[in-house]
Amino acid sequence: MFGNPLTFGFAPGDNEFMGDQVRGFGFLHDGHMDTVYRFHHAASFSESFTGAGNGGLPDGPAGDVMRRQLETFVMAFPTNLAPIVGQQITLTASSPATVASRVQLLRERADAGECDLVAKTELLDVEVGFVYVGSGRFQSDRRALPPIPDAALQLLAPRAGRPVTYTCVPVGSGQRIGVDRDGDGSWDGDERDAHRDPSDPTSTP
């Protein structure tokens, strides 16, 4: 990710812009915290919150050393996920050519079975999801529509002014993340067309 500004509830430090990077999944419930190190700056990890001797991190340089050690420890856990999982790129009308090459890389890794690939955009102010089905084609969240070539999906950015965000997700989760968010078997676009709630598994066409 790209760095975080000062955030309420988090001790200051390491807030500078980190430069252009390939984004991945962040931390916290909404994914907005960019690094494990900064995550451990939350007040709930501090001795100021827990009280001395209750497992909190000390304030100041000694606490920062422990935060770096925690970061190293947490990042050492094996995930059995390929490095491509979590990588994300957004194609816009002004994107450089490197974005298209990154999209191609995501497709190649999906073809190799290292991840599922999903794409999200908007059409007529309505979110539309896609899941990659191989051979350079994406299936939309309306089952009756045939898969479309990625080249057609990418045209939405320059011609319709609609950014398209591609994300490599863990194998087996592409359908849920891309086209069936509540996992009820009714795809999101079909549910919206039937005036049902795509995030509620009890609300189906």
# chains A, B, ... in the order shown; residues from 1 in each chain; ligands from 1

call {"tool": "closest_atom_pairs", "arguments": {"of": "range 154-187 of chain A", "to": "range 125-129 of chain A", "cutoff": "10 Å", "atoms": "only C-alpha atoms", "output": "CSV"}}
result
residue,atom,partner,partner_atom,distance
A:Arg162,CA,A:Asp125,CA,9.6
A:Val164,CA,A:Gly129,CA,9.7
A:Thr165,CA,A:Gly129,CA,9.7
A:Gln175,CA,A:Gly129,CA,9.5
A:Ile177,CA,A:Gly129,CA,8.3
A:Gly178,CA,A:Gly129,CA,5.1
A:Val179,CA,A:Gly129,CA,5.3
A:Asp180,CA,A:Gly129,CA,8.7
A:Arg181,CA,A:Gly129,CA,9.6
A:Trp187,CA,A:Gly129,CA,9.5

call {"tool": "closest_atom_pairs", "arguments": {"of": "range 125-177 of chain A", "to": "range 102-121 of chain A", "cutoff": "10 Å", "atoms": "only C-alpha atoms", "output": "JSON lines"}}
result
{"residue": "A:Asp125", "atom": "CA", "partner": "A:Thr121", "partner_atom": "CA", "distance": 9.3}
{"residue": "A:Val126", "atom": "CA", "partner": "A:Thr121", "partner_atom": "CA", "distance": 8.3}
{"residue": "A:Glu127", "atom": "CA", "partner": "A:Thr121", "partner_atom": "CA", "distance": 5.8}
{"residue": "A:Val128", "atom": "CA", "partner": "A:Thr121", "partner_atom": "CA", "distance": 5.4}
{"residue": "A:Gly129", "atom": "CA", "partner": "A:Lys120", "partner_atom": "CA", "distance": 4.7}
{"residue": "A:Phe130", "atom": "CA", "partner": "A:Ala119", "partner_atom": "CA", "distance": 5.0}
{"residue": "A:Val131", "atom": "CA", "partner": "A:Val118", "partner_atom": "CA", "distance": 4.5}
{"residue": "A:Tyr132", "atom": "CA", "partner": "A:Leu117", "partner_atom": "CA", "distance": 5.3}
{"residue": "A:Val133", "atom": "CA", "partner": "A:Leu117", "partner_atom": "CA", "distance": 8.5}
{"residue": "A:Gly134", "atom": "CA", "partner": "A:Asp111", "partner_atom": "CA", "distance": 6.2}
{"residue": "A:Ser135", "atom": "CA", "partner": "A:Asp111", "partner_atom": "CA", "distance": 7.7}
{"residue": "A:Gly136", "atom": "CA", "partner": "A:Arg107", "partner_atom": "CA", "distance": 7.2}
{"residue": "A:Arg137", "atom": "CA", "partner": "A:Arg107", "partner_atom": "CA", "distance": 9.5}
{"residue": "A:Phe138", "atom": "CA", "partner": "A:Val118", "partner_atom": "CA", "distance": 8.3}
{"residue": "A:Gln139", "atom": "CA", "partner": "A:Val118", "partner_atom": "CA", "distance": 9.4}
{"residue": "A:Ser140", "atom": "CA", "partner": "A:Ala119", "partner_atom": "CA", "distance": 9.1}
{"residue": "A:Asp150", "atom": "CA", "partner": "A:Arg107", "partner_atom": "CA", "distance": 9.3}
{"residue": "A:Leu153", "atom": "CA", "partner": "A:Ala119", "partner_atom": "CA", "distance": 8.9}
{"residue": "A:Gln154", "atom": "CA", "partner": "A:Val103", "partner_atom": "CA", "distance": 9.5}
{"residue": "A:Leu156", "atom": "CA", "partner": "A:Thr121", "partner_atom": "CA", "distance": 8.5}
{"residue": "A:Ala157", "atom": "CA", "partner": "A:Thr121", "partner_atom": "CA", "distance": 9.0}
{"residue": "A:Arg162", "atom": "CA", "partner": "A:Thr121", "partner_atom": "CA", "distance": 6.5}
{"residue": "A:Pro163", "atom": "CA", "partner": "A:Thr121", "partner_atom": "CA", "distance": 6.0}
{"residue": "A:Val164", "atom": "CA", "partner": "A:Thr121", "partner_atom": "CA", "distance": 4.8}
{"residue": "A:Thr165", "atom": "CA", "partner": "A:Lys120", "partner_atom": "CA", "distance": 5.2}
{"residue": "A:Tyr166", "atom": "CA", "partner": "A:Ala119", "partner_atom": "CA", "distance": 4.4}
{"residue": "A:Thr167", "atom": "CA", "partner": "A:Val118", "partner_atom": "CA", "distance": 5.5}
{"residue": "A:Cys168", "atom": "CA", "partner": "A:Leu117", "partner_atom": "CA", "distance": 4.6}
{"residue": "A:Val169", "atom": "CA", "partner": "A:Asp116", "partner_atom": "CA", "distance": 5.2}
{"residue": "A:Pro170", "atom": "CA", "partner": "A:Cys115", "partner_atom": "CA", "distance": 5.2}
{"residue": "A:Val171", "atom": "CA", "partner": "A:Cys115", "partner_atom": "CA", "distance": 4.7}
{"residue": "A:Gly172", "atom": "CA", "partner": "A:Asp116", "partner_atom": "CA", "distance": 6.8}
{"residue": "A:Ser173", "atom": "CA", "partner": "A:Asp116", "partner_atom": "CA", "distance": 6.9}
{"residue": "A:Gly174", "atom": "CA", "partner": "A:Asp116", "partner_atom": "CA", "distance": 5.0}
{"residue": "A:Gln175", "atom": "CA", "partner": "A:Val118", "partner_atom": "CA", "distance": 8.1}
{"residue": "A:Arg176", "atom": "CA", "partner": "A:Val118", "partner_atom": "CA", "distance": 9.6}
{"residue": "A:Ile177", "atom": "CA", "partner": "A:Val118", "partner_atom": "CA", "distance": 7.2}

call {"tool": "closest_residue", "arguments": {"among": "A:Thr202, A:Phe39, A:Asp59, A:Arg196", "to": "Asp184 in chain A", "atoms": "only C-alpha atoms"}}
result
A:Thr202

call {"tool": "closest_residue", "arguments": {"among": "A:Ala42, A:Gly183, A:Tyr37, A:Leu155", "to": "Phe73 in chain A", "atoms": "only C-alpha atoms"}}
result
A:Tyr37

call {"tool": "residues_around", "arguments": {"residues": "Arg143 in chain A", "least_positions_apart": "5", "cutoff": "9 Å", "atoms": "only C-alpha atoms", "output": "PyMOL selection string"}}
result
chain A and resi 186-187+189-190

call {"tool": "write_last_selection", "arguments": {"atoms": "N, CA and C atoms", "output": "PDB file, in the first residue's frame"}}
result
ATOM      1  N   SER A 186     -27.064 -17.213  -6.017  1.00  0.00           N
ATOM      2  CA  SER A 186     -27.681 -16.246  -6.931  1.00  0.00           C
ATOM      3  C   SER A 186     -26.691 -15.110  -7.121  1.00  0.00           C
ATOM      4  N   TRP A 187     -26.309 -14.838  -8.355  1.00  0.00           N
ATOM      5  CA  TRP A 187     -25.240 -13.878  -8.585  1.00  0.00           C
ATOM      6  C   TRP A 187     -25.726 -12.445  -8.382  1.00  0.00           C
ATOM      7  N   GLY A 189     -25.532  -9.463  -9.870  1.00  0.00           N
ATOM      8  CA  GLY A 189     -26.274  -8.709 -10.871  1.00  0.00           C
ATOM      9  C   GLY A 189     -27.695  -9.209 -11.037  1.00  0.00           C
ATOM     10  N   ASP A 190     -27.859 -10.537 -10.987  1.00  0.00           N
ATOM     11  CA  ASP A 190     -29.200 -11.105 -11.094  1.00  0.00           C
ATOM     12  C   ASP A 190     -30.051 -10.699  -9.890  1.00  0.00           C
TER      13      ASP A 190
END

call {"tool": "closest_residue", "arguments": {"among": "A:Asp182, A:Glu71, A:Asp200, A:Asp188", "to": "Asp141 in chain A", "atoms": "only C-alpha atoms"}}
result
A:Asp188

call {"tool": "select_by_dssp", "arguments": {"residues": "chain A", "states": "strand (DSSP E or B)", "output": "MDAnalysis selection string"}}
result
chainID A and resid 10 23 27 33 42 46 57 88:91 116:123 126:134 137:140 148:149 164:169
